[in-house]
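Raw run_17.txt, compact mmCIF, C-alpha atoms:
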```
# COMPACT_ATOMS: atom_id res chain seq x y z
CA MET N 1 4.80 11.64 -37.22
CA THR N 2 5.87 9.69 -34.15
CA PRO N 3 3.24 7.25 -32.85
CA ALA N 4 2.11 7.81 -29.26
CA GLY N 5 3.89 5.51 -26.78
CA PRO N 6 2.26 3.87 -23.76
CA ASN N 7 3.46 6.73 -21.51
CA ASP N 8 1.74 9.32 -23.70
CA GLU N 9 -1.43 7.25 -23.79
CA ASP N 10 -1.35 6.80 -20.01
CA ALA N 11 -0.79 10.50 -19.43
CA ALA N 12 -3.65 11.34 -21.79
CA ASP N 13 -5.98 8.89 -20.04
CA VAL N 14 -4.99 10.25 -16.63
CA ARG N 15 -5.82 13.76 -17.81
CA ARG N 16 -9.18 12.65 -19.15
CA VAL N 17 -10.09 10.83 -15.90
CA LEU N 18 -9.09 13.84 -13.81
CA ALA N 19 -11.12 16.06 -16.11
CA GLY N 20 -14.22 14.05 -15.18
CA ASP N 21 -14.27 11.11 -17.61
CA PRO N 22 -13.80 7.97 -15.46
CA ALA N 23 -14.45 5.72 -18.47
CA ALA N 24 -11.04 6.78 -19.79
CA PHE N 25 -9.52 4.61 -17.06
CA ALA N 26 -10.49 1.60 -19.21
CA GLY N 27 -7.55 2.40 -21.46
CA ILE N 28 -5.17 2.15 -18.51
CA VAL N 29 -6.78 -1.13 -17.39
CA ASN N 30 -6.49 -2.62 -20.88
CA ARG N 31 -2.83 -1.68 -21.20
CA TRP N 32 -1.74 -2.79 -17.74
CA GLN N 33 -4.02 -5.69 -16.76
CA THR N 34 -1.64 -8.41 -17.95
CA ARG N 35 1.28 -6.92 -16.04
CA LEU N 36 -0.63 -6.45 -12.79
CA ILE N 37 -2.22 -9.90 -12.88
CA ASN N 38 1.11 -11.58 -13.61
CA LEU N 39 2.80 -9.63 -10.85
CA ALA N 40 0.05 -10.67 -8.42
CA TRP N 41 0.36 -14.26 -9.62
CA ARG N 42 4.00 -14.29 -8.58
CA PHE N 43 2.96 -13.40 -5.05
CA CYS N 44 0.28 -16.05 -4.64
CA HIS N 45 0.17 -18.61 -7.50
CA ASP N 46 -3.62 -18.56 -7.34
CA ARG N 47 -5.32 -17.25 -10.47
CA THR N 48 -8.55 -16.10 -8.83
CA LEU N 49 -6.71 -14.40 -6.02
CA ALA N 50 -4.27 -12.81 -8.48
CA GLU N 51 -7.14 -11.25 -10.44
CA ASP N 52 -8.82 -10.05 -7.23
CA MET N 53 -5.55 -8.50 -6.08
CA ALA N 54 -4.98 -6.84 -9.45
CA GLN N 55 -8.53 -5.45 -9.44
CA GLU N 56 -8.03 -3.96 -5.99
CA ALA N 57 -4.75 -2.44 -7.18
CA PHE N 58 -6.54 -0.78 -10.12
CA VAL N 59 -9.22 0.61 -7.80
CA ARG N 60 -6.52 2.02 -5.52
CA ALA N 61 -4.74 3.52 -8.50
CA PHE N 62 -7.97 5.13 -9.67
CA ARG N 63 -8.53 6.68 -6.24
CA ALA N 64 -4.94 7.90 -6.08
CA LEU N 65 -4.80 9.20 -9.65
CA GLN N 66 -4.54 12.81 -8.50
CA SER N 67 -1.23 11.97 -6.82
CA PHE N 68 0.35 11.00 -10.17
CA ARG N 69 2.37 14.02 -11.19
CA GLY N 70 4.38 12.48 -13.97
CA GLU N 71 7.66 12.75 -12.03
CA SER N 72 8.23 9.03 -12.52
CA ALA N 73 7.05 6.76 -15.33
CA PHE N 74 3.41 5.74 -15.08
CA SER N 75 4.50 2.08 -14.95
CA THR N 76 6.67 2.79 -11.88
CA TRP N 77 3.85 4.66 -10.14
CA LEU N 78 1.29 1.97 -10.91
CA THR N 79 3.60 -0.90 -9.94
CA ALA N 80 4.38 0.80 -6.62
CA ILE N 81 0.66 1.07 -5.87
CA ALA N 82 0.16 -2.56 -6.88
CA ILE N 83 3.02 -3.78 -4.68
CA ASN N 84 1.62 -1.93 -1.65
CA SER N 85 -1.83 -3.28 -2.36
CA TYR N 86 -0.54 -6.86 -2.73
CA ARG N 87 1.46 -6.54 0.45
CA THR N 88 -1.69 -5.56 2.34
CA ALA N 89 -3.70 -8.37 0.74
CA LEU N 90 -1.08 -10.97 1.64
CA ARG N 91 -0.34 -9.71 5.14
CA ASP N 92 -2.94 -11.86 6.85
CA ARG N 93 -2.73 -14.85 4.54
CA GLU N 94 -0.83 -17.91 5.60
CA PRO N 95 1.47 -19.08 2.77
CA ALA N 96 0.58 -22.54 1.47
CA ALA N 97 2.59 -25.31 3.05
CA VAL N 98 5.21 -26.66 0.66
CA SER N 99 7.07 -29.93 0.98
CA LEU N 100 10.68 -29.43 0.01
CA ASP N 101 11.70 -33.07 0.27
CA PHE N 102 11.89 -33.62 -3.47
CA VAL N 103 14.00 -30.51 -3.87
CA LYS N 104 16.75 -32.15 -1.92
CA ALA N 105 16.18 -35.60 -3.45
CA SER N 106 16.05 -34.53 -7.09
CA GLY N 107 19.08 -34.36 -9.32
CA PRO N 108 19.80 -33.92 -13.01
CA GLY N 109 18.73 -36.86 -15.14
CA PRO N 110 17.82 -37.50 -18.74
CA ASP N 111 14.56 -39.34 -18.14
CA VAL N 112 10.97 -38.10 -17.83
CA LEU N 113 10.99 -38.52 -14.08
CA ALA N 114 13.91 -36.16 -13.79
CA GLY N 115 12.04 -33.61 -15.92
CA LEU N 116 9.02 -33.89 -13.67
CA GLN N 117 11.16 -33.54 -10.59
CA GLU N 118 12.77 -30.45 -12.06
CA ARG N 119 9.37 -28.85 -12.65
CA GLU N 120 8.31 -29.67 -9.12
CA ARG N 121 11.54 -28.30 -7.77
CA ASP N 122 11.05 -25.06 -9.70
CA ALA N 123 7.52 -24.77 -8.30
CA ALA N 124 8.83 -25.39 -4.80
CA VAL N 125 11.48 -22.70 -5.18
CA ARG N 126 8.86 -20.19 -6.33
CA GLN N 127 6.57 -21.10 -3.45
CA SER N 128 9.46 -20.83 -1.01
CA VAL N 129 9.77 -17.21 -2.03
CA PHE N 130 6.27 -16.62 -0.57
CA LYS N 131 7.52 -17.72 2.82
CA LEU N 132 10.39 -15.26 2.94
CA PRO N 133 10.00 -12.13 5.08
CA PRO N 134 8.11 -9.55 2.94
CA ARG N 135 11.13 -7.26 2.41
CA TYR N 136 13.12 -10.05 0.73
CA ARG N 137 10.09 -11.58 -1.00
CA ASP N 138 9.09 -8.25 -2.57
CA ALA N 139 12.63 -7.53 -3.75
CA LEU N 140 13.09 -10.96 -5.35
CA VAL N 141 9.66 -11.11 -6.98
CA LEU N 142 9.86 -7.63 -8.41
CA PHE N 143 13.48 -7.78 -9.56
CA TYR N 144 12.94 -10.98 -11.55
CA PHE N 145 9.52 -9.90 -12.80
CA GLU N 146 9.83 -9.06 -16.48
CA GLU N 147 13.54 -8.59 -15.74
CA MET N 148 13.18 -5.20 -14.16
CA ASN N 149 16.49 -3.44 -13.59
CA LEU N 150 17.93 -2.46 -10.22
CA ALA N 151 17.10 1.24 -10.54
CA GLU N 152 13.47 0.66 -11.51
CA THR N 153 12.92 -1.98 -8.83
CA ALA N 154 14.43 0.28 -6.18
CA ARG N 155 12.19 3.16 -7.28
CA VAL N 156 9.07 0.99 -7.10
CA LEU N 157 9.99 -0.27 -3.62
CA GLY N 158 11.00 3.20 -2.48
CA ILE N 159 14.46 2.11 -1.32
CA ALA N 160 18.05 2.85 -2.33
CA GLU N 161 19.75 0.63 -4.90
CA GLY N 162 22.32 -0.46 -2.32
CA THR N 163 19.55 -1.56 0.03
CA LEU N 164 17.90 -3.47 -2.80
CA LYS N 165 21.17 -5.25 -3.65
CA ALA N 166 21.55 -6.27 0.00
CA ARG N 167 17.97 -7.54 0.14
CA LEU N 168 18.38 -9.55 -3.06
CA HIS N 169 21.58 -11.08 -1.74
CA ARG N 170 20.04 -11.91 1.62
CA GLY N 171 16.84 -13.20 0.00
CA ARG N 172 18.74 -15.60 -2.26
CA GLU N 173 20.83 -16.72 0.70
CA LEU N 174 17.70 -17.48 2.76
CA LEU N 175 16.22 -19.38 -0.18
CA ARG N 176 19.38 -21.45 -0.61
CA ARG N 177 19.40 -22.30 3.09
CA ARG N 178 15.76 -23.30 3.12
CA LEU N 179 16.07 -25.42 0.01
CA GLY N 180 19.12 -27.20 1.37
CA MET M 181 21.39 -24.76 -5.53
CA ASP M 182 23.36 -21.71 -6.69
CA ASP M 183 22.35 -18.12 -7.48
CA LYS M 184 22.15 -18.75 -11.22
CA GLU M 185 19.72 -21.60 -10.72
CA ILE M 186 17.54 -19.46 -8.44
CA GLU M 187 17.67 -16.61 -10.96
CA ARG M 188 16.72 -18.94 -13.80
CA ILE M 189 13.74 -20.32 -11.90
CA LEU M 190 12.45 -16.93 -10.75
CA SER M 191 12.84 -15.41 -14.22
CA SER M 192 11.01 -18.21 -16.01
CA GLU M 193 7.54 -17.97 -14.48
CA GLU M 194 4.57 -18.91 -16.63
CA HIS M 195 2.64 -16.05 -18.19
CA LEU M 196 -1.06 -15.59 -17.38
CA VAL M 197 -3.57 -14.11 -19.80
CA PRO M 198 -6.30 -12.08 -18.06
CA SER M 199 -9.81 -13.58 -18.01
CA SER M 200 -12.08 -12.22 -20.73
CA GLY M 201 -14.27 -10.25 -18.30
CA PHE M 202 -11.47 -8.91 -16.14
CA ALA M 203 -11.28 -5.38 -17.54
CA LEU M 204 -15.06 -5.06 -17.37
CA SER M 205 -15.16 -6.20 -13.76
CA VAL M 206 -12.43 -3.69 -12.88
CA MET M 207 -14.41 -0.87 -14.46
CA GLU M 208 -17.51 -1.97 -12.53
CA ALA M 209 -15.51 -1.92 -9.29
CA ILE M 210 -14.26 1.54 -10.20
CA GLY M 211 -17.82 2.70 -10.85
CA GLU M 212 -18.79 1.47 -7.39
CA ALA M 213 -15.74 3.14 -5.83
CA GLU M 214 -16.66 6.38 -7.53
CA ALA M 215 -20.22 6.20 -6.21
CA GLU M 216 -18.96 5.89 -2.63
CA PRO M 217 -18.78 9.16 -0.71
CA GLN M 218 -15.29 10.61 -0.25
CA PRO M 219 -13.90 9.91 3.24
CA ALA M 220 -14.26 12.95 5.49
CA ARG M 221 -11.03 14.82 6.14
CA PHE M 222 -9.95 15.42 9.72
CA PRO M 223 -11.26 18.84 10.80
CA TRP M 224 -7.91 20.39 11.79
CA TRP M 225 -9.27 23.91 11.40
CA ARG M 226 -12.14 23.20 13.80
CA LEU M 227 -9.78 21.57 16.26
CA GLY M 228 -7.60 24.68 16.22
CA VAL M 229 -10.57 26.95 16.86
CA GLY M 230 -11.73 24.67 19.69
CA VAL M 231 -8.33 24.62 21.39
CA ALA M 232 -8.05 28.40 21.08
CA ALA M 233 -11.55 28.85 22.52
CA CYS M 234 -10.81 26.59 25.49
CA THR M 235 -7.50 28.32 26.21
CA GLY M 236 -9.08 31.76 25.97
CA ARG M 237 -11.90 30.85 28.31
CA ALA M 238 -9.56 29.30 30.88
CA ALA M 239 -7.32 32.37 30.77
CA SER M 240 -10.23 34.77 31.12
CA PHE M 241 -11.65 32.80 34.06
CA THR M 242 -8.27 32.80 35.83
CA ALA M 243 -7.90 36.53 35.26
CA LEU M 244 -11.39 37.13 36.55
CA VAL M 245 -10.80 35.19 39.77
CA HIS M 246 -7.53 37.04 40.38
CA ASP M 247 -9.16 40.41 39.74
CA LEU M 248 -11.95 39.70 42.19
CA ASP M 249 -9.82 38.47 45.06
CA PRO M 250 -6.26 37.31 44.34
CA ALA M 251 -5.61 36.34 47.95
CA ALA M 252 -8.74 34.22 48.15
CA ALA M 253 -7.88 32.49 44.85
CA SER M 254 -4.35 31.66 46.05
CA ALA M 255 -5.64 30.49 49.41
CA LEU M 256 -8.24 28.31 47.73
CA ALA M 257 -5.67 26.77 45.41
CA ALA M 258 -3.35 26.04 48.34
CA ALA M 259 -6.02 24.74 50.69
CA ALA M 260 -8.04 22.67 48.26
CA PRO M 261 -6.17 21.91 45.04
CA GLU M 262 -8.82 19.34 44.08
CA LEU M 263 -11.39 22.15 44.11
CA SER M 264 -9.24 24.11 41.65
CA LEU M 265 -8.97 21.04 39.50
CA ALA M 266 -12.73 20.52 39.59
CA ALA M 267 -13.25 24.16 38.66
CA ALA M 268 -10.85 23.74 35.74
CA VAL M 269 -12.72 20.64 34.54
CA VAL M 270 -16.09 22.42 34.78
CA LEU M 271 -14.63 25.36 32.94
CA ALA M 272 -13.17 23.16 30.20
CA THR M 273 -16.53 21.39 29.80
CA LEU M 274 -18.36 24.69 29.52
CA ALA M 275 -15.81 25.89 27.00
CA TRP M 276 -16.21 22.69 25.00
CA LEU M 277 -20.01 23.04 24.97
CA ARG M 278 -19.65 26.64 23.93
CA ALA M 279 -17.19 25.70 21.20
CA ARG M 280 -19.67 23.15 19.78
CA ARG M 281 -22.23 25.90 19.50
CA VAL M 282 -19.66 28.08 17.74
CA PHE M 283 -18.94 25.27 15.25
CA ARG M 284 -22.65 24.86 14.52
CA VAL M 285 -22.86 28.55 13.74
CA LEU M 286 -19.78 28.28 11.50
CA ASP M 287 -21.38 25.38 9.60
```
So that I can check it, write out the structure of this file as structure tokens.
Amino acid sequence: MTPAGPNDEDAADVRRVLAGDPAAFAGIVNRWQTRLINLAWRFCHDRTLAEDMAQEAFVRAFRALQSFRGESAFSTWLTAIAINSYRTALRDREPAAVSLDFVKASGPGPDVLAGLQERERDAAVRQSVFKLPPRYRDALVLFYFEEMNLAETARVLGIAEGTLKARLHRGRELLRRRLG
Amino acid sequence: MDDKEIERILSSEEHLVPSSGFALSVMEAIGEAEAEPQPARFPWWRLGVGVAACTGRAASFTALVHDLDPAAASALAAAAPELSLAAAVVLATLAWLRARRVFRVLD
């Protein structure tokens, strides 16, 4: 007998919720909480905010559950809702100011200081992504999140693969320019 | 900084573990969301009935005026267009008030 996969479990929970058992949504929350929190984290790098954003995304998903028709994978549907929810949450927030001086000053080196500089540089690159225009930010964050492929990322964002490729290219270019 | 370096950095984010009470707090929020009343849908059907009622009343009033004295109606419209406009506004208001009563009956 084949064990039930996450998609089967999600579909079963969706059916139970729609049949009038809202507690069945707990199964969906338990399976997807790590993914949604980590995705939110990549947009804000603030743990409390990431959990708040993920919670709001779950509430939205619960309200929109009737619109899930199983045409796409549940993960794609849920991630699309989460991305839209995060976009709304971040719209009015000013990204944290980041000093990029050490990005330009740092270089490869064998000592501890170089290691520290490298970590700071990585953090600065990630934070620079927040400051990109949302269309490039969303594409970059999502594409590199759990190494999603082009097709899946494009489906979640609701754009063509060609458009996604162009946005990734342009996003990386903007990042390179900003980081010097 | 090249593309590979950017890709490496963006792919190697740290991994968060949800707080212990996260799932519970989500389910509480969902319980609250469920308790909220559903947002009211826009009453397109009522709007349609209202527009039809207003149009019908305006048409019947125009027909009535023409039946009574077409020449006088034309002369009035030519001589005092603002009076015609005022009549139309009064008529529309009456139709709107009437339509509200119709909706109450339909409720």
Using only C-alpha atoms, find each residue in chain M having at least one atom no more than 8 Å away from chain N; report its shortest atom-to-atom pair and that distance in Å (one decimal), rows by chain then rising number, as CSV.
```
residue,atom,partner,partner_atom,distance
M:Met181,CA,N:Arg176,CA,6.3
M:Asp182,CA,N:Arg176,CA,7.3
M:Asp183,CA,N:Arg172,CA,6.8
M:Ile186,CA,N:Arg172,CA,7.4
M:Glu187,CA,N:Tyr144,CA,7.4
M:Ile189,CA,N:Asp122,CA,5.9
M:Leu190,CA,N:Tyr144,CA,6.0
M:Ser191,CA,N:Tyr144,CA,5.2
M:Glu193,CA,N:Arg42,CA,7.8
M:His195,CA,N:Asn38,CA,6.6
M:Leu196,CA,N:Asn38,CA,5.9
M:Val197,CA,N:Thr34,CA,6.3
M:Pro198,CA,N:Thr34,CA,5.9
M:Phe202,CA,N:Glu51,CA,7.5
M:Ala203,CA,N:Val29,CA,6.2
M:Ser205,CA,N:Gln55,CA,7.9
M:Val206,CA,N:Gln55,CA,5.5
M:Met207,CA,N:Ala26,CA,6.6
M:Ala209,CA,N:Val59,CA,6.9
M:Ile210,CA,N:Val59,CA,5.7
M:Ala213,CA,N:Val59,CA,7.3
```
Just the selected residues (C-alpha atoms), exported as a PDB file, in the frame of the given file, please.
```pdb
ATOM      1  CA  MET M 181      21.390 -24.760  -5.530  1.00  0.00           C
ATOM      2  CA  ASP M 182      23.360 -21.710  -6.690  1.00  0.00           C
ATOM      3  CA  ASP M 183      22.350 -18.120  -7.480  1.00  0.00           C
ATOM      4  CA  ILE M 186      17.540 -19.460  -8.440  1.00  0.00           C
ATOM      5  CA  GLU M 187      17.670 -16.610 -10.960  1.00  0.00           C
ATOM      6  CA  ILE M 189      13.740 -20.320 -11.900  1.00  0.00           C
ATOM      7  CA  LEU M 190      12.450 -16.930 -10.750  1.00  0.00           C
ATOM      8  CA  SER M 191      12.840 -15.410 -14.220  1.00  0.00           C
ATOM      9  CA  GLU M 193       7.540 -17.970 -14.480  1.00  0.00           C
ATOM     10  CA  HIS M 195       2.640 -16.050 -18.190  1.00  0.00           C
ATOM     11  CA  LEU M 196      -1.060 -15.590 -17.380  1.00  0.00           C
ATOM     12  CA  VAL M 197      -3.570 -14.110 -19.800  1.00  0.00           C
ATOM     13  CA  PRO M 198      -6.300 -12.080 -18.060  1.00  0.00           C
ATOM     14  CA  PHE M 202     -11.470  -8.910 -16.140  1.00  0.00           C
ATOM     15  CA  ALA M 203     -11.280  -5.380 -17.540  1.00  0.00           C
ATOM     16  CA  SER M 205     -15.160  -6.200 -13.760  1.00  0.00           C
ATOM     17  CA  VAL M 206     -12.430  -3.690 -12.880  1.00  0.00           C
ATOM     18  CA  MET M 207     -14.410  -0.870 -14.460  1.00  0.00           C
ATOM     19  CA  ALA M 209     -15.510  -1.920  -9.290  1.00  0.00           C
ATOM     20  CA  ILE M 210     -14.260   1.540 -10.200  1.00  0.00           C
ATOM     21  CA  ALA M 213     -15.740   3.140  -5.830  1.00  0.00           C
TER      22      ALA M 213
END
```
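The two atoms in question, atom CA of N:Asn7 and atom CA of N:Glu152, are spaced 15.4 Å apart.
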(request) Measure the distance from atom CA of M:Ala275 to atom CA of M:Ala243 in Å and round it to one decimal. (result)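 Taking atom CA of M:Ala275 as the start and atom CA of M:Ala243 as the end point, the length is 15.6 Å.
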(request) Could you tell me how far atom CA of N:Leu90 lies from atom CA of N:Thr163, in Å and to one decimal? (result)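 Between atom CA of N:Leu90 and atom CA of N:Thr163 the gap works out to 22.7 Å.
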(request) Find, counting only C-alpha atoms, the residue in M:Ser254, M:Arg237, M:Trp224, M:Gly211 that gets nearest to M:Ala279. (result)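 Using only C-alpha atoms, the shortest distance to M:Ala279 belongs to M:Arg237.
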Because some atoms of stretch 40-61 of chain N are absent here, can you restore N, CA and C atoms and send them as a compact mmCIF listing (two decimals), in the coordinates of the input?
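The result, stored in part_14.txt:
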```txt
# COMPACT_ATOMS: atom_id res chain seq x y z
N ALA N 40 0.80 -10.11 -9.55
CA ALA N 40 0.05 -10.67 -8.42
C ALA N 40 0.21 -12.18 -8.36
N TRP N 41 0.21 -12.81 -9.53
CA TRP N 41 0.36 -14.26 -9.62
C TRP N 41 1.67 -14.71 -8.96
N ARG N 42 2.69 -13.93 -9.15
CA ARG N 42 4.00 -14.29 -8.58
C ARG N 42 4.01 -14.20 -7.06
N PHE N 43 3.03 -13.51 -6.51
CA PHE N 43 2.96 -13.40 -5.05
C PHE N 43 2.08 -14.49 -4.44
N CYS N 44 1.23 -15.12 -5.25
CA CYS N 44 0.28 -16.05 -4.64
C CYS N 44 0.08 -17.38 -5.38
N HIS N 45 0.38 -17.41 -6.69
CA HIS N 45 0.17 -18.61 -7.50
C HIS N 45 -1.26 -19.14 -7.38
N ASP N 46 -2.20 -18.20 -7.38
CA ASP N 46 -3.62 -18.56 -7.34
C ASP N 46 -4.31 -17.58 -8.30
N ARG N 47 -4.81 -18.13 -9.41
CA ARG N 47 -5.32 -17.25 -10.47
C ARG N 47 -6.44 -16.33 -10.01
N THR N 48 -7.41 -16.91 -9.28
CA THR N 48 -8.55 -16.10 -8.83
C THR N 48 -8.08 -14.99 -7.90
N LEU N 49 -7.22 -15.39 -6.97
CA LEU N 49 -6.71 -14.40 -6.02
C LEU N 49 -5.89 -13.33 -6.74
N ALA N 50 -5.10 -13.77 -7.73
CA ALA N 50 -4.27 -12.81 -8.48
C ALA N 50 -5.15 -11.77 -9.18
N GLU N 51 -6.26 -12.21 -9.76
CA GLU N 51 -7.14 -11.25 -10.44
C GLU N 51 -7.83 -10.34 -9.43
N ASP N 52 -8.21 -10.89 -8.28
CA ASP N 52 -8.82 -10.05 -7.23
C ASP N 52 -7.82 -8.98 -6.76
N MET N 53 -6.58 -9.43 -6.56
CA MET N 53 -5.55 -8.50 -6.08
C MET N 53 -5.28 -7.41 -7.12
N ALA N 54 -5.24 -7.82 -8.38
CA ALA N 54 -4.98 -6.84 -9.45
C ALA N 54 -6.14 -5.85 -9.54
N GLN N 55 -7.36 -6.35 -9.38
CA GLN N 55 -8.53 -5.45 -9.44
C GLN N 55 -8.47 -4.41 -8.32
N GLU N 56 -8.14 -4.89 -7.12
CA GLU N 56 -8.03 -3.96 -5.99
C GLU N 56 -6.93 -2.92 -6.25
N ALA N 57 -5.84 -3.38 -6.86
CA ALA N 57 -4.75 -2.44 -7.18
C ALA N 57 -5.23 -1.37 -8.16
N PHE N 58 -6.01 -1.76 -9.15
CA PHE N 58 -6.54 -0.78 -10.12
C PHE N 58 -7.47 0.21 -9.42
N VAL N 59 -8.30 -0.30 -8.51
CA VAL N 59 -9.22 0.61 -7.80
C VAL N 59 -8.41 1.61 -6.97
N ARG N 60 -7.38 1.11 -6.31
CA ARG N 60 -6.52 2.02 -5.52
C ARG N 60 -5.87 3.07 -6.41
N ALA N 61 -5.39 2.59 -7.56
CA ALA N 61 -4.74 3.52 -8.50
C ALA N 61 -5.72 4.59 -8.96
```
